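Student: Next up is a structure, given as structure tokens.
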There are 2 protein chains.
Amino acid sequence: MAENEKKAVEEITSMDDDFAKWYTDIVKKAELAEYTSVKGCMVIRPYGYAIWENIQHILDTRFKETGHENVCMPMFIPESLLQKEKDHVEGFAPEVAWVTHGGDEKLEDRLCVRPTSETLFCEHYANVVHSYRDLPKLYNQWVSVVRWEKTTRPFLRTREFLWQEGHTIHATAEEAIAETERMLNVYADFCEDSLAMPVLKGRKTDSDKFAGAEATYAIEALMHDGKSLQAGTSHYFGDGFAKAFEILYTNKDNQKVYPYQTSWGVTTRLIGAIIMTHGDDRGLVLPPAVAPVQVMIIPVAQHKPGVLDMAEQLRARLSGKYRVKLDASDNSPGWKFSEYEMKGVPLRIEIGPRDIEAGKCVIVTRHNCEKEVVELENLEEAVERKLREVHDGMYEKALRNREKHTYSCLTVDEIKSALENNGDGFVKAMWCGDESCEDKVKELTGVGSRCIPFEQEQLGDKCVCCGKPAKCMVVWGKAY
Amino acid sequence: MAENEKKAVEEITSMDDDFAKWYTDIVKKAELAEYTSVKGCMVIRPYGYAIWENIQHILDTRFKETGHENVCMPMFIPESLLQKEKDHVEGFAPEVAWVTHGGDEKLEDRLCVRPTSETLFCEHYANVVHSYRDLPKLYNQWVSVVRWEKTTRPFLRTREFLWQEGHTIHATAEEAIAETERMLNVYADFCEDSLAMPVLKGRKTDSDKFAGAEATYAIEALMHDGKSLQAGTSHYFGDGFAKAFEILYTNKDNQKVYPYQTSWGVTTRLIGAIIMTHGDDRGLVLPPAVAPVQVMIIPVAQHKPGVLDMAEQLRARLSGKYRVKLDASDNSPGWKFSEYEMKGVPLRIEIGPRDIEAGKCVIVTRHNCEKEVVELENLEEAVERKLREVHDGMYEKALRNREKHTYSCLTVDEIKSALENNGDGFVKAMWCGDESCEDKVKELTGVGSRCIPFEQEQLGDKCVCCGKPAKCMVVWGKAY
């Protein structure tokens with residue numbers, strides 16, 4: 001390696017040795033985020049933020065295509081407003097940050113920094129929704145929220161995190177329920193089509209519902225260590241918030257009635273999900289759709305005549321259609337290979353004097369480290385094909401991992417032995433619907449209910465815990 | 001008007017009767033923003049937020065073209081961190097919101113909600129800048145900030161507002177100064193090319209500098225009521241923050257030295273500037289580049305066969321290239337005309353049975369309410385041309401207004417009589433450089449120094465106030 005190299009690509013902890021340390025190594029060394037002096041608050045660095053911008057762009061386009069508009073609510077909620085919906089305040093009050101002073105002046109009604117914005121949207125809807133002609137309102141905002149968590153980890157659980165929160169209000173329950181489901185599907189499609197991450201869609205059990213919701217739907221993804229990560233949620237509120245906030249509209253029959261509401265969100269946690277679904281011992285592996293750099297061109301023997309020129313030509317041919325960069329710095333090719341493997345760039349193109357002579361270049365796909373020699377004249381076609389291959393390969397690999405770690409169990413003992421023999425994963429087992437059984441399964445096996453999947457299977461007709469008649473199949477797991 | 005119309009388009013206060021009321025009428029009735037129960041915090045509604053999204057998109061593209069990357073810093077600053085730079089904390093501490101509790105727990109070091117993020121960027125730079133190879137860092141973030149203002153008005157002065165803040169760090173003072181100027185020019189070009197708003201570029205006097213800056217540059221625009229609005233600022237920090245935060249890097253000669261910094265920002269205040277530069281007694285007038293809807297198609301006699309079909313055909317032809325909408329609701333054409341005039345849509349296309357028969361349509365430009373009959377076959381060309389005309393016409397009108405209300409004065413008495421006879425505006429007058437003269441001009445005439453324009457004129461060689469030798473020409477005015 002050249003003496004003047006900026007830094008050595010540092011080794012990261014192996015995921016099998018210490019998964020948690022492997023995770024934070026990647027966060028730091030791929031330059032996604034950095035700690036600050038405020039516990040649980042992070043700096044999202046340019047490379048990490050560019051992933052979030054790509055996520056935002058894709059989702060925002062989908063939201064607008066489905067008729068949603070962006071707005072911006074204040075970040076502060078007066079304590080009196082937060083208290084209007086009983087379940088909601090009980091769920092959130094213990095974990096909010098309180099503003100008590102503005103300048104030197106003590107506030108009469110202290111303000112919490114929004115942990116979520118249902119109360120603010122409700123206050124606004126009460127102001128602007130009067131007639132059936134004002135419905136539906138399909139609103140979304142991209143903001144940060146604050147929850148005063150005790151245990152924090154970059155992206156996965158931070159005291160401040162970035163998210164979008166959709167908040168909609170409808171004339172009928174049916175329309176609101178359809179919206180709740182529509183947005184869960186938007187999230188699921190996004191995870192699979194853009195993040196190459198298979199997800200289960202399902203309903204949360206009552207013990208796991210959002211504070212104030214009638215029903216919470218979620219998408220759950222299995223991480224490489226066998227733990228489950230809730231990647232997005234969509235809530236149906238019925239008319240509970242409307243009643244608490246006195247939102248009333250005049251329907252077509254000239255009666256004053258309550259409307260129905262939903263909310264739904266995904267967060268910067270998705271970046272944690274990408275790391276733990278696709279990463280390996282060389283570092284990050286990014287899905288092409290959200291990678292800040294999709295193709296990195298690395299010249300070999302770049303001091304030889306013509307090499308840098310050709311590398312720049314390739315860059316120019318690909319730019320416009322792809323996010324492509326050329327690293328012409330004086331670091332060695334070997335250092336560059338390691339660096340962009342660490343950073344998870346989906347494709348790397350190697351071009352040296354012998355390649356140029358042969359009219360070829362080498363394309364290496366990050367997710368499986370395979371090389372292919374490609375004719376330079378077919379470069380565009382090859383890059384397009386390889387990026388598709390990378391996405392599909394990443395999705396298949398994640399799906400195989402999930403299948404390998406999904407266990408169908410009929411008894412609590414089967415759950416225990418499946419986990420012991422095969423490691424953590426998703427457990428499919430029938431449930432009677434009683435919260436006491438849910439608690440007992442968790443106590444005995446360590447796995448809690450993740451969701452009641454929409455795609456049900458009939459694994460016998462008895463509850464895995466009490467043996468009484470089962471109501472549904474639940475997917476159980478350990479959660480992030 | 002049809003009985004079933006959603007609402008009448010309400011009258012707004014005339015700007016000559018009560019400019020402040022005219023302003024808030026537009027904010028509410030054009031559905032840009034709505035008040036909340038937290039004083040000084042507003043809901044930015046879809047129509048207002050869409051303007052901000054267009055501003056963001058244009059500026060963000062310009063920032064990226066000039067090599068900047070987006071990041072995201074926390075919203076909280078520990079009190080101890082805020083205190084590291086003396087001038088900075090003195091400037092901001094009196095107007096910050098303080099978080100004292102997380103959940104039930106009292107915080108040891110209370111946190112302020114960022115009023116601006118220099119301290120956070122400095123803490124981060126101290127962590128990641130070590131070598132000349134790490135420089136420059138050209139960072140920006142799009143976030144909201146909080147300043148506990150006593151008097152508030154939507155968009156112009158709110159306790160929470162949206163903005164972007166660029167923060168850059170450089171090896172040399174020259175490079176940092178060039179950056180400060182470059183970004184001021186980006187802002188000025190944006191205001192003129194995208195907002196059709198002429199601006200003065202200049203330097204702030206020392207009394208008006210940003211807390212902690214060596215020099216503050218600003219762009220100033222003249223509003224319709226003759227008051228000045230600071231539309232963007234760019235600060236050069238020298239190495240003051242680097243010293244306070246112990247940011248040191250190893251230069252090429254292997255010495256540890258301090259780097260140089262800048263910051264620069266524009267805010268949602270720009271939406272207030274658009275209202276007060278271009279608006280009239282019919283409502284908002286939006287520059288085409290940032291208008292959420294650039295073209296509104298309004299069918300006339302839409303119950304007649306073929307009218308809605310043709311209106312939809314026109315919409316389809318224009319969509320993709322323009323932000324175009326068709327209002328096929330059952331409100332009357334007259335109501336629609338008023339509504340979209342209120343909302344400032346740059347072009348309206350009227351299409352009815354007789355137009356269709358003649359193969360024509362009518363295009364009305366909002367800023368001057370002029371009509372033109374256009375051949376349907378030339379629609380795309382006509383819309384392109386009219387949008388350019390609208391932008392240029394708006395810019396010219398605003399420039400003429402500024403010229404009409406810019407007064408060159410040699411004495412304090414001349415300032416007084418210019419303002420009395422011609423109304424508020426920009427006053428050009430020479431200044432000796434003493435803060436006491438600056439204060440005295442303000443006391444005697446009501447106008448304060450807005451900036452020392454880059455384009456200097458020689459209006460004699462004596463200070464307008466004390467008569468001693470003048471150092472420069474200052475532009476004075478009343479400020480928002």
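Numbering starts fresh at 1 for the residues of each chain in the structure tokens, the chains themselves are lettered A, B, ... in the order given, and ligands are numbered from 1 as they appear.
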Could you work out which residues of chain A fall inside 9 Å of chain B? Count only C-alpha atoms, and format the result as a PyMOL selection string.
Tutor: chain A and resi 6+34-38+41-50+53+69-78+81+93-104+111-113+120+123-124+127+131+133-134+139+143-144+147-149+160-161
Student: Going by DSSP on the backbone, which bits of range 121-328 of chain A are helix (DSSP H, G or I)? Write them as JSON, numbers by chain, please.
Tutor: {"A": [121, 122, 123, 124, 125, 126, 127, 128, 132, 133, 134, 173, 174, 175, 176, 177, 178, 179, 180, 181, 182, 183, 184, 185, 186, 187, 188, 189, 190, 191, 192, 193, 206, 207, 208, 240, 241, 242, 243, 244, 269, 270, 271, 272, 273, 274, 275, 276, 277, 278, 307, 308, 309, 310, 311, 312, 313, 314, 315, 316, 317, 318]}
Student: List every residue of range 214-365 of chain B that DSSP, applied to the backbone of this structure, assigns to strand (DSSP E), and report them as a PyMOL selection string.
Tutor: chain B and resi 215-222+228-238+249-250+256-257+260-267+295-299+324-326+347-351+360-365
Student: Find the residues near range 404-415 of chain B: any atom within 8 Å, counting only C-alpha atoms, skip ones fewer than 4 places away on the same chain, and give them as number ranges by chain.
Tutor: B: 226, 400, 419, 422-430, 441, 444-445, 459-460, 464-465
Student: Name all residues at most 10 Å from Phe190 in chain B (count only C-alpha atoms; drop same-chain ones fewer than 5 positions away) and give them as a list in words.
Tutor: Ile55, Ile58, Leu59, Arg62, Leu184, Asn185, Leu195, Ala196, Met197 and Pro198 of chain B
Student: Find the residue from B:Ser194, B:Asn378, B:Thr119, B:Thr233 that sits nearest to Asp208 in chain B; use only C-alpha atoms when measuring.
Tutor: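 Of B:Ser194, B:Asn378, B:Thr119, B:Thr233, the one nearest Asp208 in chain B is B:Thr233, counting only C-alpha atoms.
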Student: Have a look at CA of Trp476 in chain B and CA of Tyr395 in chain B and let me know their distance in Å, one decimal.
Tutor: 22.1 Å
